Amino acid sequence: MKRRIIALMAAMLVVTTLFAGCKKDNDTIIVGTEAGFAPYEYMDGDQVVGIDMDIAQAIADSMGKKLVIKNMDFDGALLAVQQGKVDFVAAGVSITEDRKEKMDFSIEYDESVEVIVVNKENPAVTEVSNEGLAGKIIGVQQGNVADLYIEDEGIEYKELKRYTLFSQAAEDLKNNKIDCIVMDKLPAEALVKANPELAILDGILFTDKYAIAVKKGNKELLDKINEVLQELIDSGKIDEFTLKHTID
């Protein structure tokens, strides 16, 4: 009898654990991001904050769920959403034809311009153009749209160095190990503010737009995200989020 009671208790524990797990999953929504892309996502103490995280929180609130933020490298976040390990990715994600084959995208919610960051005292690049990048050692974030652009445009660079974090690229640029960094303007401004040895060249290399990525075929979540994004755009909330994370 004792063995039967123990077995029954063990079975109940398993069932309870399974239901607890289901409840947790139902009550939470997980966003994947890379917190080295201020002002869209960055660290404030031990918290991941930023424009994208405010948007993610609005999505979670509209669904009555608790937001769980998973901070990982950019490529890892995109892979995680494809595998269903996170519900969506908000990380300054650009829509590309290759990515559209692997995941689904929301409406575009923000526009960014791509710029060139150089060593302030010893700029190895002076012209913001594909030609100006020819023969140079270019730093990009691996998997970022700038990485794809440099390759797709057929720029005859000397070397393309891919980094997990822009902070790593900044250190190499300060030490003249690379000639420049190609990146989004707002994160570039934050990077230069933190590294006064660097500067942004005047001019735009190309324009980029951001969207939120979800697992391929997850139409229910995508429709909800689009609904929230449209409300945030129409109400001016995304502009408020941007000011909140860019004003000194």
# chains A, B, ... in the order shown; residues from 1 in each chain; ligands from 1
$ select_by_dssp --residues "region 77-169 of chain A" --states "strand (DSSP E)" --output "ChimeraX atom specification"
/A:88-94,103-105,110-119,137-141,159-163
$ atom_distance --atom1 "CA of Arg99 (chain A)" --atom2 "CA of Thr33 (chain A)"
16.1 Å
$ closest_residue --among "A:Ile178, A:Val31, A:Leu201, A:Ile107" --to "Gly139 (chain A)" --atoms "only C-alpha atoms"
A:Ile178
$ residues_around --residues "Thr126 (chain A)" --least-positions-apart "4" --cutoff "12 Å" --atoms "only C-alpha atoms" --output "ChimeraX atom specification"
/A:115-120,122,130-134,136,179-180,199-203
$ select_by_dssp --residues "region 100-232 of chain A" --states "alpha helix (DSSP H)" --output "PyMOL selection string"
chain A and resi 100+130-133+145-152+166-174+185-194+219-232
$ residues_around --residues "Lys85 (chain A)" --least-positions-apart "5" --cutoff "10 Å" --atoms "only C-alpha atoms" --output "JSON list (two decimals) with C-alpha atoms, in the first residue's frame"
[["chain", "number", "residue", "atom", "x", "y", "z"],
["A", 30, "ILE", "CA", 9.27, 35.59, -24.65],
["A", 31, "VAL", "CA", 11.10, 38.18, -26.71],
["A", 32, "GLY", "CA", 14.59, 37.55, -28.03],
["A", 70, "LYS", "CA", 16.03, 36.69, -23.49],
["A", 77, "ALA", "CA", 17.95, 35.49, -31.54],
["A", 79, "LEU", "CA", 17.65, 31.28, -34.90],
["A", 80, "ALA", "CA", 15.75, 31.02, -31.60],
["A", 215, "LYS", "CA", 8.16, 31.90, -36.26]]
$ residues_around --residues "Gly217 (chain A)" --least-positions-apart "2" --cutoff "8 Å" --atoms "only C-alpha atoms" --output "PyMOL selection string"
chain A and resi 103-104+215+219
$ write_last_selection --atoms "C-alpha atoms" --output "JSON list (two decimals), in the first residue's frame"
[["chain", "number", "residue", "atom", "x", "y", "z"],
["A", 103, "MET", "CA", 10.48, 33.61, -40.51],
["A", 104, "ASP", "CA", 7.50, 35.94, -40.78],
["A", 215, "LYS", "CA", 8.16, 31.90, -36.26],
["A", 219, "LYS", "CA", -0.27, 34.07, -37.94]]
$ closest_residue --among "A:Ile233, A:Ile150, A:Glu156, A:Leu191" --to "Gly135 (chain A)" --atoms "only C-alpha atoms"
A:Glu156
